[in-house]
>>> print(open('input06.txt').read())   # compact mmCIF, C-alpha atoms
# COMPACT_ATOMS: atom_id res chain seq x y z
CA MET A 110 88.00 98.03 141.07
CA ILE A 111 85.20 99.66 139.16
CA THR A 112 81.85 97.94 139.23
CA GLY A 113 78.56 98.73 137.58
CA ALA A 114 75.74 97.34 135.51
CA ASN A 115 76.15 96.20 131.89
CA GLY A 116 76.42 99.01 129.38
CA ILE A 117 77.12 101.78 131.87
CA GLY A 118 80.53 102.50 130.39
CA LYS A 119 83.06 100.53 132.42
CA SER A 120 84.88 99.10 129.42
CA SER A 121 84.74 102.46 127.63
CA LEU A 122 86.38 104.07 130.65
CA LEU A 123 89.12 101.45 130.51
CA ARG A 124 89.62 101.95 126.76
CA LEU A 125 89.77 105.68 127.38
CA LEU A 126 92.51 105.21 129.97
CA ALA A 127 94.34 102.84 127.65
CA GLY A 128 94.36 105.52 124.97
CA PHE A 129 92.18 103.59 122.48
CA LEU A 130 89.49 106.26 122.73
CA LYS A 131 90.00 110.00 122.84
CA PRO A 132 88.18 111.98 125.55
CA PHE A 133 85.81 114.72 124.42
CA LEU A 134 87.19 116.97 127.16
CA GLY A 135 90.47 117.11 129.03
CA GLN A 136 93.42 114.85 128.61
CA ILE A 137 94.75 111.64 130.03
CA GLU A 138 98.40 111.37 130.88
CA ARG A 139 99.88 107.95 131.37
CA LEU A 140 102.88 107.88 133.69
CA GLY A 141 104.11 104.40 132.93
CA ARG A 142 103.85 101.47 130.58
CA LEU A 143 100.48 99.80 130.59
CA ALA A 144 99.18 96.38 129.75
CA PHE A 145 95.59 95.67 128.85
CA ALA A 146 93.62 92.46 129.29
CA ASP A 147 90.09 92.07 128.03
CA GLU A 148 88.03 89.40 126.30
CA ALA A 149 90.11 89.60 123.11
CA LEU A 150 92.74 86.88 122.85
CA ALA A 151 95.20 88.69 120.55
CA LEU A 152 97.31 85.57 120.16
CA ASP A 153 98.06 83.91 116.85
CA ARG A 154 95.74 80.89 116.74
CA HIS A 155 98.15 78.87 114.60
CA MET A 156 101.18 79.28 116.85
CA SER A 157 101.97 77.28 119.96
CA LEU A 158 101.00 79.07 123.17
CA GLN A 159 104.62 79.74 124.06
CA GLN A 160 105.44 81.14 120.62
CA ALA A 161 102.37 83.37 120.68
CA LEU A 162 103.19 84.74 124.13
CA ALA A 163 106.87 85.09 123.24
CA TYR A 164 105.89 87.40 120.35
CA TRP A 165 104.40 89.95 122.76
CA ALA A 166 107.13 89.47 125.37
CA ALA A 167 109.74 90.22 122.71
CA LEU A 168 107.81 93.31 121.61
CA ASP A 169 107.84 94.48 125.24
CA GLY A 170 111.58 93.92 125.39
CA PHE A 171 111.40 91.01 127.83
CA SER A 172 112.17 87.96 125.74
CA GLY A 173 111.78 84.83 127.83
CA ALA A 174 109.41 86.48 130.33
CA GLU A 175 106.59 84.39 128.94
CA LYS A 176 108.04 81.23 130.53
CA ASP A 177 107.66 82.56 134.09
CA ALA A 178 104.24 83.99 133.28
CA MET A 179 103.07 80.63 131.94
CA ARG A 180 104.31 78.88 135.05
CA ILE A 181 102.50 81.32 137.35
CA MET A 182 99.27 80.89 135.38
CA ALA A 183 99.71 77.07 135.37
CA LEU A 184 100.01 77.00 131.60
CA ASP A 185 103.50 75.50 131.34
CA LYS A 186 102.14 72.08 130.37
CA LEU A 187 100.31 73.68 127.47
CA ALA A 188 103.39 75.50 126.14
CA GLU A 189 103.47 73.51 122.90
CA SER A 190 99.70 73.38 122.37
CA PRO A 191 98.35 75.44 119.48
CA VAL A 192 96.42 78.49 120.73
CA ARG A 193 93.36 77.43 118.71
CA LEU A 194 92.96 74.29 120.86
CA LEU A 195 92.85 76.10 124.21
CA SER A 196 89.63 76.08 126.21
CA THR A 197 87.87 79.30 127.25
CA GLY A 198 89.43 79.26 130.72
CA GLN A 199 92.89 78.43 129.33
CA ARG A 200 92.60 81.31 126.88
CA LYS A 201 91.71 83.68 129.68
CA ARG A 202 94.74 82.48 131.63
CA ALA A 203 96.87 82.97 128.50
CA VAL A 204 95.66 86.58 128.30
CA LEU A 205 96.67 87.07 131.96
CA ALA A 206 100.03 85.40 131.25
CA ARG A 207 100.65 87.98 128.52
CA LEU A 208 99.80 90.69 131.02
CA LEU A 209 102.33 89.29 133.49
CA ALA A 210 105.03 88.87 130.86
CA SER A 211 104.66 92.49 129.78
CA ARG A 212 106.08 93.64 133.15
CA ALA A 213 104.08 96.84 132.73
CA ALA A 214 103.47 99.02 135.81
CA ILE A 215 99.83 99.75 135.01
CA TRP A 216 97.37 96.89 134.47
CA LEU A 217 93.99 97.59 132.98
CA LEU A 218 91.73 94.56 133.38
CA ASP A 219 88.31 94.24 131.77
CA GLU A 220 86.23 91.54 133.46
CA PRO A 221 89.37 89.62 134.49
CA ALA A 222 87.52 86.80 136.27
CA ASN A 223 85.20 85.89 133.39
CA GLY A 224 85.69 82.29 132.32
CA LEU A 225 88.06 81.45 135.19
CA ASP A 226 87.52 78.65 137.68
CA LYS A 227 87.88 79.21 141.42
CA ALA A 228 91.55 78.22 141.55
CA SER A 229 92.41 80.55 138.67
CA ILE A 230 90.53 83.43 140.29
CA MET A 231 92.61 82.88 143.44
CA ALA A 232 95.76 82.90 141.30
CA LEU A 233 94.58 86.14 139.68
CA LEU A 234 93.98 87.76 143.08
CA ARG A 235 97.43 86.69 144.28
CA MET A 236 98.88 88.09 141.08
CA ILE A 237 97.16 91.44 141.62
CA GLU A 238 98.23 91.51 145.26
CA LYS A 239 101.84 90.89 144.31
CA HIS A 240 101.76 93.52 141.59
CA ARG A 241 100.38 96.08 144.06
CA ASP A 242 103.05 95.18 146.61
CA LYS A 243 105.70 95.86 143.99
CA GLY A 244 104.25 99.34 143.47
CA GLY A 245 102.22 98.54 140.37
CA VAL A 246 98.76 99.87 139.68
CA VAL A 247 95.78 97.68 138.82
CA LEU A 248 92.52 99.07 137.56
CA ALA A 249 89.88 96.41 136.99
CA VAL A 250 86.31 96.68 135.83
CA SER A 251 83.73 94.02 136.49
CA HIS A 252 79.97 93.86 136.44
CA GLN A 253 80.02 91.58 139.48
CA GLY A 254 83.14 92.70 141.27
CA LEU A 255 85.84 90.44 142.57
CA ASP A 256 86.11 89.22 146.12
CA MET A 257 88.58 91.86 147.06
CA ALA A 258 87.43 93.44 150.32
CA ASP A 259 90.64 95.36 150.86
CA TYR A 260 90.65 96.88 147.40
CA ALA A 261 89.28 100.31 146.61
CA THR A 262 85.98 99.84 144.81
CA LEU A 263 84.00 102.38 142.87
CA SER A 264 80.46 101.87 141.67
CA LEU A 265 80.16 103.75 138.41
CA GLU A 266 76.45 104.39 139.02
CA ASP A 267 77.21 106.09 142.38
CA PHE A 268 80.10 107.97 140.88
CA ARG A 269 77.98 109.33 138.06
CA SER A 270 75.18 110.44 140.36
CA LYS A 271 77.61 112.30 142.62
CA ASN A 272 80.01 113.70 140.01
CA ASN A 273 78.06 114.92 137.05
CA HIS A 274 80.73 115.79 134.44
CA GLN A 275 83.22 116.79 137.12
CA SER A 276 86.93 116.28 136.70
CA VAL A 277 88.40 113.14 138.17
CA PHE A 278 91.97 112.78 139.29
CA PHE A 279 93.42 109.32 139.60
CA ASP A 280 96.20 109.42 142.13
CA PHE A 281 98.28 106.43 141.14
CA ASP A 282 100.82 107.05 143.91
CA ASP A 283 98.24 106.04 146.48
CA GLU A 284 95.86 103.74 144.72
CA SER A 285 93.95 102.88 147.89
CA ALA A 286 92.91 106.53 148.09
CA ALA A 287 92.19 106.87 144.40
CA PHE A 288 88.48 106.60 144.85
CA MET B 133 97.76 84.55 106.50
CA ILE B 134 99.25 81.13 106.87
CA GLY B 135 98.79 77.56 105.74
CA ALA B 136 96.96 76.61 102.58
CA ALA B 137 95.35 80.05 102.31
CA VAL B 138 98.69 81.48 101.13
CA PHE B 139 98.52 79.39 97.99
CA LEU B 140 94.94 80.20 96.99
CA PRO B 141 95.77 83.34 94.95
CA ILE B 142 98.61 81.48 93.24
CA LEU B 143 96.39 78.51 92.42
CA PHE B 144 93.80 80.90 91.04
CA PHE B 145 96.47 82.62 88.92
CA LEU B 146 97.70 79.30 87.53
CA LEU B 147 94.15 78.10 86.95
CA VAL B 148 93.46 81.11 84.74
CA ALA B 149 96.58 80.28 82.72
CA VAL B 150 95.38 76.68 82.40
CA LEU B 151 91.81 77.57 81.42
CA PHE B 152 92.56 80.38 78.98
CA PRO B 153 93.85 78.10 76.18
CA PHE B 154 90.66 76.04 76.49
CA ALA B 155 88.64 79.19 75.85
CA VAL B 156 90.59 80.68 72.91
CA GLY B 157 92.14 77.55 71.45
CA SER B 158 95.71 76.37 71.30
CA ASP B 159 96.91 78.70 68.54
CA ARG B 160 100.34 79.78 69.78
CA MET B 161 100.10 83.12 67.94
CA ILE B 162 96.83 84.07 69.68
CA LEU B 163 98.06 82.84 73.05
CA SER B 164 101.36 84.70 72.93
CA ARG B 165 99.62 87.85 71.61
CA THR B 166 97.01 87.97 74.40
CA GLY B 167 98.71 85.92 77.13
CA SER B 168 100.57 88.69 78.94
CA GLY B 169 97.41 90.79 79.26
CA VAL B 170 95.52 87.79 80.61
CA LEU B 171 98.23 87.21 83.21
CA TRP B 172 98.06 90.84 84.37
CA VAL B 173 94.27 90.63 84.78
CA ALA B 174 94.64 87.26 86.55
CA ALA B 175 97.22 88.73 88.92
CA LEU B 176 94.91 91.63 89.68
CA LEU B 177 91.97 89.34 90.40
CA ALA B 178 94.17 86.98 92.43
CA SER B 179 95.18 89.90 94.62
CA LEU B 180 91.56 90.22 95.74
CA LEU B 181 91.49 86.77 97.32
CA PRO B 182 93.63 87.32 100.43
CA ILE B 183 92.26 90.77 101.31
CA ASP B 184 89.61 89.53 103.77
CA ARG B 185 92.34 87.92 105.86
CA LEU B 186 94.77 90.86 105.93
CA VAL B 187 93.27 93.05 108.65
CA THR B 188 89.79 91.93 109.78
CA PRO B 189 90.80 88.81 111.78
CA ASP B 190 93.42 90.78 113.70
CA ILE B 191 90.94 93.54 114.52
CA GLU B 192 88.45 90.95 115.76
CA ASN B 193 91.19 89.25 117.74
CA GLY B 194 92.25 92.52 119.43
CA PHE B 195 95.81 92.66 118.06
CA PHE B 196 95.64 96.34 117.15
CA ASP B 197 94.54 97.32 120.69
CA HIS B 198 97.64 95.67 122.06
CA TYR B 199 99.88 97.40 119.55
CA ALA B 200 98.26 100.72 120.52
CA ALA B 201 98.77 99.98 124.23
CA ARG B 202 102.47 99.59 123.43
CA ASN B 203 102.53 102.92 121.58
CA ILE B 204 103.41 101.23 118.28
CA SER B 205 102.10 103.56 115.62
CA GLU B 206 99.50 102.26 113.19
CA GLU B 207 101.63 103.52 110.31
CA TRP B 208 104.51 101.22 111.26
CA ILE B 209 102.08 98.34 111.59
CA ALA B 210 100.84 99.22 108.11
CA VAL B 211 104.37 99.13 106.68
CA ALA B 212 104.98 95.72 108.29
CA ARG B 213 101.66 94.44 106.91
CA ILE B 214 102.47 95.62 103.37
CA ILE B 215 105.88 93.93 103.46
CA ALA B 216 104.38 90.71 104.86
CA HIS B 217 101.60 90.73 102.27
CA TRP B 218 104.07 91.35 99.46
CA LEU B 219 106.26 88.47 100.61
CA SER B 220 103.36 86.03 100.95
CA PHE B 221 101.50 87.07 97.81
CA ALA B 222 103.80 88.69 95.28
CA VAL B 223 106.89 86.53 95.58
CA PRO B 224 105.00 83.24 94.96
CA LEU B 225 103.10 85.02 92.16
CA MET B 226 106.36 85.92 90.43
CA VAL B 227 107.50 82.31 90.76
CA ALA B 228 104.17 81.11 89.33
CA LEU B 229 104.61 83.46 86.38
CA LEU B 230 107.09 81.01 84.83
CA PRO B 231 104.72 78.02 84.48
CA ALA B 232 101.87 80.36 83.58
CA SER B 233 103.96 81.93 80.79
CA MET B 234 104.83 78.47 79.48
CA LEU B 235 101.16 77.45 79.48
CA LEU B 236 100.37 80.55 77.41
CA SER B 237 103.37 80.08 75.06
CA LEU B 238 104.86 83.47 75.92
CA ASP B 239 108.26 84.34 74.48
CA TRP B 240 111.17 84.55 76.89
CA SER B 241 111.46 88.29 76.24
CA VAL B 242 107.77 88.75 77.14
CA PHE B 243 108.25 86.58 80.21
CA TRP B 244 111.18 88.64 81.48
CA LYS B 245 109.36 91.90 80.79
CA SER B 246 106.31 90.57 82.64
CA GLU B 247 108.53 89.49 85.51
CA ALA B 248 110.07 92.98 85.68
CA GLY B 249 106.59 94.50 85.46
CA PHE B 250 105.32 92.30 88.29
CA LEU B 251 108.36 93.24 90.38
CA LEU B 252 107.50 96.91 89.97
CA ALA B 253 103.73 96.63 90.23
CA THR B 254 103.26 94.15 93.08
CA PRO B 255 104.56 96.43 95.90
CA GLY B 256 101.90 98.96 94.88
CA LEU B 257 99.31 96.21 94.57
CA ALA B 258 100.22 94.91 98.05
CA ALA B 259 99.91 98.43 99.49
CA LEU B 260 96.55 98.85 97.78
CA GLY B 261 95.38 95.47 99.10
CA VAL B 262 96.20 96.27 102.74
CA MET B 263 94.73 99.77 102.31
CA ILE B 264 91.40 98.42 101.03
CA ALA B 265 91.44 95.71 103.72
CA ALA B 266 91.83 98.35 106.45
CA LEU B 267 89.19 100.64 104.95
CA THR B 268 86.60 97.87 104.62
CA ALA B 269 87.49 95.92 107.78
CA ARG B 270 84.47 97.07 109.77
CA VAL B 271 82.05 97.30 106.86
CA LYS B 272 79.36 94.66 106.49
CA ALA B 273 79.56 92.95 103.08
CA GLY B 274 83.13 94.29 102.90
CA SER B 275 84.22 91.61 100.43
CA ALA B 276 81.89 92.93 97.73
CA LEU B 277 83.13 96.43 98.37
CA THR B 278 86.73 95.25 98.22
CA ALA B 279 86.56 94.38 94.53
CA LEU B 280 84.68 97.57 93.68
CA LEU B 281 87.34 99.67 95.40
CA LEU B 282 90.50 97.80 94.48
CA LEU B 283 89.99 97.13 90.79
CA PRO B 284 89.45 100.75 89.65
CA LEU B 285 92.36 101.95 91.79
CA ALA B 286 94.60 99.29 90.26
CA VAL B 287 93.85 100.38 86.68
CA PRO B 288 97.04 102.51 86.34
CA LEU B 289 99.14 99.49 87.36
CA LEU B 290 97.33 97.36 84.77
CA ILE B 291 97.66 99.91 81.94
CA PHE B 292 101.33 100.71 82.54
CA GLY B 293 102.15 97.07 83.28
CA CYS B 294 100.65 95.80 80.03
CA GLY B 295 102.15 98.78 78.18
CA ALA B 296 105.59 97.98 79.53
CA VAL B 297 105.36 94.37 78.36
CA ASP B 298 104.02 95.33 74.90
CA GLY B 299 106.78 97.86 74.45
CA HIS B 300 104.43 100.23 72.63
CA GLN B 301 104.33 102.82 75.42
CA PRO B 302 107.69 104.52 75.94
CA GLY B 303 108.38 105.10 79.62
CA ALA B 304 105.71 102.64 80.72
CA PHE B 305 108.13 100.97 83.14
CA LEU B 306 108.87 104.34 84.74
CA LEU B 307 105.17 105.19 84.98
CA LEU B 308 104.51 101.74 86.47
CA ALA B 309 107.21 102.30 89.08
CA ALA B 310 105.87 105.79 89.81
CA SER B 311 102.31 104.47 90.31
CA SER B 312 103.58 101.74 92.59
CA LEU B 313 105.72 104.15 94.61
CA PHE B 314 102.80 106.56 94.97
CA LEU B 315 100.62 103.80 96.41
CA LEU B 316 103.44 102.69 98.72
CA ALA B 317 103.92 106.25 99.98
CA VAL B 318 100.25 106.95 100.60
CA ALA B 319 99.09 103.57 101.93
CA PRO B 320 100.67 103.61 105.45
CA PHE B 321 98.94 106.88 106.30
CA VAL B 322 95.56 105.78 104.92
CA ILE B 323 95.85 102.42 106.71
CA GLY B 324 96.94 104.10 109.95
CA ALA B 325 93.98 106.49 109.86
CA ALA B 326 91.56 103.66 109.03
CA LEU B 327 92.84 101.55 111.93
CA ARG B 328 92.56 104.46 114.37
CA VAL B 329 89.01 105.24 113.28
CA GLY B 330 88.15 101.56 113.63
CA GLN B 331 89.60 101.47 117.13
CA GLU B 332 87.55 104.45 118.26
CA GLY B 333 84.49 102.89 116.70
>>> encode(input="input06.txt", output="structure tokens")
Amino acid sequence: MITGANGIGKSSLLRLLAGFLKPFLGQIERLGRLAFADEALALDRHMSLQQALAYWAALDGFSGAEKDAMRIMALDKLAESPVRLLSTGQRKRAVLARLLASRAAIWLLDEPANGLDKASIMALLRMIEKHRDKGGVVLAVSHQGLDMADYATLSLEDFRSKNNHQSVFFDFDDESAAF
Amino acid sequence: MIGAAVFLPILFFLLVAVLFPFAVGSDRMILSRTGSGVLWVAALLASLLPIDRLVTPDIENGFFDHYAARNISEEWIAVARIIAHWLSFAVPLMVALLPASMLLSLDWSVFWKSEAGFLLATPGLAALGVMIAALTARVKAGSALTALLLLPLAVPLLIFGCGAVDGHQPGAFLLLAASSLFLLAVAPFVIGAALRVGQEG
């Protein structure tokens, strides 16, 4: 979990790790498939929720995985609803359902709890816990932080003050020791 | 691009064919002499209409980030976009050419030559459309820029297309095909680069 004030560069760090931005120095090597979840919906607004999620699941090579993901995120009753009619919280859960359906080892989450109610945040935490137990890696950024006492947390402000332009090595084999 | 928006360029194209006889009169000689040129210009202008919806909404919606996260190259996305745009724009346009030709009293030979010309020119026009859409996606007032960029670049297609239908320019069909192929070959790389720059921005 990476925390820090608005505008300090949390999302940029995540986009850098995702490969959307190129680093000025050094290189980033990704040792596994990654899935990214941020504020962007990236689902066709005119399709039903299931169709829209199925598109990405098929691209990831896991056709049908969207059904389980929708069930876990309590979206199964909305399967036939057009994406454009979903509420803010439902959209956020749809984004997390896409993340689940991707079956990627590395999850990059940008403000994952934004727009979620208490029950959905609990579901998200359980989801992260389960993914970690399976050997997956989760890197989340949040301006507030999640209620995850047993998760490694890095404050980007502290990190910057202590490591001025130093190299950083993310040891994904032992994520609890990563920071 | 789905729903009613798909039909807007076609409606525009047909509307031009309907309005033109009101402007120049119903003289069949004048209509058949000028009609094919009017249809080429109408097709060109109609191609401007869907451009705003080709790339910008998907950038705003984050689609391209998710393609990038899956290591799908922007060039392949560009190829898919060009094909999709051609299917949704050019194919209905070629169907609409029949009623438009009838409204303008074009001979069957002119109609078939126009149809062949459209078949050759529209893949290039689709490539050009997606290319301009990608280049102007993050520019404010991009729609005004779209017309200024697309129309001059489409001039070779217009000249060779009209020349092929007239029959006065030998080899016009070949030159039309060459122009279209050139645009098709170049567009994926330009679109890919534009999308990458946009992502880093």
>>> atom_distance(input="input06.txt", atom1="CA of Val138 (chain B)", atom2="CA of Val187 (chain B)")
14.8 Å
>>> closest_residue(input="input06.txt", among="B:Ala296, B:Leu327, B:Ala279, B:Val271", to="Glu207 (chain B)", atoms="all atoms listed in the file")
B:Leu327
>>> interface_residues(input="input06.txt", of="chain A", to="chain B", cutoff="6 Å", atoms="only C-alpha atoms", output="list in words")
Leu130, Ala149, Leu150 and Ala151 of chain A
>>> closest_residue(input="input06.txt", among="A:Gln159, A:Glu220, A:Ala214, A:His240", to="Leu140 (chain A)", atoms="all atoms listed in the file")
A:Ala214
>>> atom_distance(input="input06.txt", atom1="CA of Lys176 (chain A)", atom2="CA of Asp219 (chain A)")
23.7 Å
>>> closest_residue(input="input06.txt", among="B:Phe292, B:Phe139, B:Phe221, B:Phe152", to="Ser246 (chain B)", atoms="all atoms listed in the file")
B:Phe292
>>> atom_distance(input="input06.txt", atom1="CA of Glu247 (chain B)", atom2="CA of Val223 (chain B)")
10.6 Å
>>> closest_residue(input="input06.txt", among="B:Ile162, B:Val287, B:Leu140, B:Leu252", to="Ala309 (chain B)", atoms="only C-alpha atoms")
B:Leu252
>>> closest_residue(input="input06.txt", among="B:Leu257, B:Ala175, B:Leu236, B:Ala325", to="Gly157 (chain B)", atoms="all atoms listed in the file")
B:Leu236
>>> residues_near_point(input="input06.txt", point="(95.0, 95.3, 144.0)", cutoff="8 Å", atoms="only C-alpha atoms", output="VMD selection string")
chain A and resid 234 237 to 238 240 to 241 246 to 248 257 260
>>> closest_residue(input="input06.txt", among="A:Ser157, A:Ser229, A:Ala213, A:Leu125", to="Lys243 (chain A)", atoms="only C-alpha atoms")
A:Ala213
>>> residues_around(input="input06.txt", residues="Ala183 (chain A)", least_positions_apart="4", cutoff="9 Å", atoms="all atoms listed in the file", output="number ranges by chain")
A: 178-179, 187, 202, 229
>>> write_last_selection(input="input06.txt", atoms="C-alpha atoms", output="compact mmCIF listing (two decimals), in the coordinates of the input")
# COMPACT_ATOMS: atom_id res chain seq x y z
CA ALA A 178 104.24 83.99 133.28
CA MET A 179 103.07 80.63 131.94
CA LEU A 187 100.31 73.68 127.47
CA ARG A 202 94.74 82.48 131.63
CA SER A 229 92.41 80.55 138.67
>>> residues_around(input="input06.txt", residues="Met161 (chain B)", least_positions_apart="6", cutoff="12 Å", atoms="all atoms listed in the file", output="VMD selection string")
chain B and resid 153 167 236 to 239
>>> residues_near_point(input="input06.txt", point="(103.7, 95.4, 82.9)", cutoff="10 Å", atoms="all atoms listed in the file", output="PyMOL selection string")
chain B and resi 168-169+171-172+242+245-253+289-299+304-305+308-309
>>> write_last_selection(input="input06.txt", atoms="C-alpha atoms", output="PDB file, in the frame of the given file")
ATOM      1  CA  SER B 168     100.570  88.690  78.940  1.00  0.00           C
ATOM      2  CA  GLY B 169      97.410  90.790  79.260  1.00  0.00           C
ATOM      3  CA  LEU B 171      98.230  87.210  83.210  1.00  0.00           C
ATOM      4  CA  TRP B 172      98.060  90.840  84.370  1.00  0.00           C
ATOM      5  CA  VAL B 242     107.770  88.750  77.140  1.00  0.00           C
ATOM      6  CA  LYS B 245     109.360  91.900  80.790  1.00  0.00           C
ATOM      7  CA  SER B 246     106.310  90.570  82.640  1.00  0.00           C
ATOM      8  CA  GLU B 247     108.530  89.490  85.510  1.00  0.00           C
ATOM      9  CA  ALA B 248     110.070  92.980  85.680  1.00  0.00           C
ATOM     10  CA  GLY B 249     106.590  94.500  85.460  1.00  0.00           C
ATOM     11  CA  PHE B 250     105.320  92.300  88.290  1.00  0.00           C
ATOM     12  CA  LEU B 251     108.360  93.240  90.380  1.00  0.00           C
ATOM     13  CA  LEU B 252     107.500  96.910  89.970  1.00  0.00           C
ATOM     14  CA  ALA B 253     103.730  96.630  90.230  1.00  0.00           C
ATOM     15  CA  LEU B 289      99.140  99.490  87.360  1.00  0.00           C
ATOM     16  CA  LEU B 290      97.330  97.360  84.770  1.00  0.00           C
ATOM     17  CA  ILE B 291      97.660  99.910  81.940  1.00  0.00           C
ATOM     18  CA  PHE B 292     101.330 100.710  82.540  1.00  0.00           C
ATOM     19  CA  GLY B 293     102.150  97.070  83.280  1.00  0.00           C
ATOM     20  CA  CYS B 294     100.650  95.800  80.030  1.00  0.00           C
ATOM     21  CA  GLY B 295     102.150  98.780  78.180  1.00  0.00           C
ATOM     22  CA  ALA B 296     105.590  97.980  79.530  1.00  0.00           C
ATOM     23  CA  VAL B 297     105.360  94.370  78.360  1.00  0.00           C
ATOM     24  CA  ASP B 298     104.020  95.330  74.900  1.00  0.00           C
ATOM     25  CA  GLY B 299     106.780  97.860  74.450  1.00  0.00           C
ATOM     26  CA  ALA B 304     105.710 102.640  80.720  1.00  0.00           C
ATOM     27  CA  PHE B 305     108.130 100.970  83.140  1.00  0.00           C
ATOM     28  CA  LEU B 308     104.510 101.740  86.470  1.00  0.00           C
ATOM     29  CA  ALA B 309     107.210 102.300  89.080  1.00  0.00           C
TER      30      ALA B 309
END
>>> residues_around(input="input06.txt", residues="region 228-234 of chain B", least_positions_apart="6", cutoff="7 Å", atoms="all atoms listed in the file", output="list in words")
Ile142, Leu146, Ala149 and Phe243 of chain B
>>> residues_around(input="input06.txt", residues="Ala174 (chain B)", least_positions_apart="2", cutoff="8 Å", atoms="all atoms listed in the file", output="list of chain:residue names")
B:Phe144, B:Phe145, B:Val148, B:Val170, B:Leu171, B:Trp172, B:Leu176, B:Leu177, B:Ala178
>>> residues_around(input="input06.txt", residues="Tyr164 (chain A)", least_positions_apart="2", cutoff="12 Å", atoms="only C-alpha atoms", output="VMD selection string")
(chain A and resid 151 to 153 156 to 162 166 to 175 207 210 to 211) or (chain B and resid 195 198 to 199)
>>> write_last_selection(input="input06.txt", atoms="C-alpha atoms", output="PDB file, in the coordinates of the input")
ATOM      1  CA  ALA A 151      95.200  88.690 120.550  1.00  0.00           C
ATOM      2  CA  LEU A 152      97.310  85.570 120.160  1.00  0.00           C
ATOM      3  CA  ASP A 153      98.060  83.910 116.850  1.00  0.00           C
ATOM      4  CA  MET A 156     101.180  79.280 116.850  1.00  0.00           C
ATOM      5  CA  SER A 157     101.970  77.280 119.960  1.00  0.00           C
ATOM      6  CA  LEU A 158     101.000  79.070 123.170  1.00  0.00           C
ATOM      7  CA  GLN A 159     104.620  79.740 124.060  1.00  0.00           C
ATOM      8  CA  GLN A 160     105.440  81.140 120.620  1.00  0.00           C
ATOM      9  CA  ALA A 161     102.370  83.370 120.680  1.00  0.00           C
ATOM     10  CA  LEU A 162     103.190  84.740 124.130  1.00  0.00           C
ATOM     11  CA  ALA A 166     107.130  89.470 125.370  1.00  0.00           C
ATOM     12  CA  ALA A 167     109.740  90.220 122.710  1.00  0.00           C
ATOM     13  CA  LEU A 168     107.810  93.310 121.610  1.00  0.00           C
ATOM     14  CA  ASP A 169     107.840  94.480 125.240  1.00  0.00           C
ATOM     15  CA  GLY A 170     111.580  93.920 125.390  1.00  0.00           C
ATOM     16  CA  PHE A 171     111.400  91.010 127.830  1.00  0.00           C
ATOM     17  CA  SER A 172     112.170  87.960 125.740  1.00  0.00           C
ATOM     18  CA  GLY A 173     111.780  84.830 127.830  1.00  0.00           C
ATOM     19  CA  ALA A 174     109.410  86.480 130.330  1.00  0.00           C
ATOM     20  CA  GLU A 175     106.590  84.390 128.940  1.00  0.00           C
ATOM     21  CA  ARG A 207     100.650  87.980 128.520  1.00  0.00           C
ATOM     22  CA  ALA A 210     105.030  88.870 130.860  1.00  0.00           C
ATOM     23  CA  SER A 211     104.660  92.490 129.780  1.00  0.00           C
TER      24      SER A 211
ATOM     25  CA  PHE B 195      95.810  92.660 118.060  1.00  0.00           C
ATOM     26  CA  HIS B 198      97.640  95.670 122.060  1.00  0.00           C
ATOM     27  CA  TYR B 199      99.880  97.400 119.550  1.00  0.00           C
TER      28      TYR B 199
END
>>> build_atoms(input="input06.txt", residues="region 243-252 of chain A", atoms="N, CA and C atoms", output="mmCIF file, in the coordinates of the input")
data_model
loop_
_atom_site.group_PDB
_atom_site.id
_atom_site.type_symbol
_atom_site.label_atom_id
_atom_site.label_comp_id
_atom_site.auth_asym_id
_atom_site.auth_seq_id
_atom_site.Cartn_x
_atom_site.Cartn_y
_atom_site.Cartn_z
ATOM 1 N N LYS A 243 104.489 95.404 144.687
ATOM 2 C CA LYS A 243 105.700 95.860 143.990
ATOM 3 C C LYS A 243 105.581 97.318 143.556
ATOM 4 N N GLY A 244 104.443 97.933 143.837
ATOM 5 C CA GLY A 244 104.250 99.340 143.470
ATOM 6 C C GLY A 244 103.491 99.516 142.172
ATOM 7 N N GLY A 245 102.998 98.437 141.616
ATOM 8 C CA GLY A 245 102.220 98.540 140.370
ATOM 9 C C GLY A 245 100.804 99.018 140.640
ATOM 10 N N VAL A 246 100.133 99.380 139.573
ATOM 11 C CA VAL A 246 98.760 99.870 139.680
ATOM 12 C C VAL A 246 97.852 98.921 138.898
ATOM 13 N N VAL A 247 96.744 98.554 139.506
ATOM 14 C CA VAL A 247 95.780 97.680 138.820
ATOM 15 C C VAL A 247 94.425 98.365 138.819
ATOM 16 N N LEU A 248 93.871 98.524 137.654
ATOM 17 C CA LEU A 248 92.520 99.070 137.560
ATOM 18 C C LEU A 248 91.677 98.015 136.847
ATOM 19 N N ALA A 249 90.703 97.477 137.568
ATOM 20 C CA ALA A 249 89.880 96.410 136.990
ATOM 21 C C ALA A 249 88.441 96.842 136.933
ATOM 22 N N VAL A 250 87.747 96.437 135.881
ATOM 23 C CA VAL A 250 86.310 96.680 135.830
ATOM 24 C C VAL A 250 85.602 95.329 135.769
ATOM 25 N N SER A 251 84.476 95.267 136.462
ATOM 26 C CA SER A 251 83.730 94.020 136.490
ATOM 27 C C SER A 251 82.270 94.327 136.791
ATOM 28 N N HIS A 252 81.382 93.607 136.152
ATOM 29 C CA HIS A 252 79.970 93.860 136.440
ATOM 30 C C HIS A 252 79.571 93.253 137.785
#
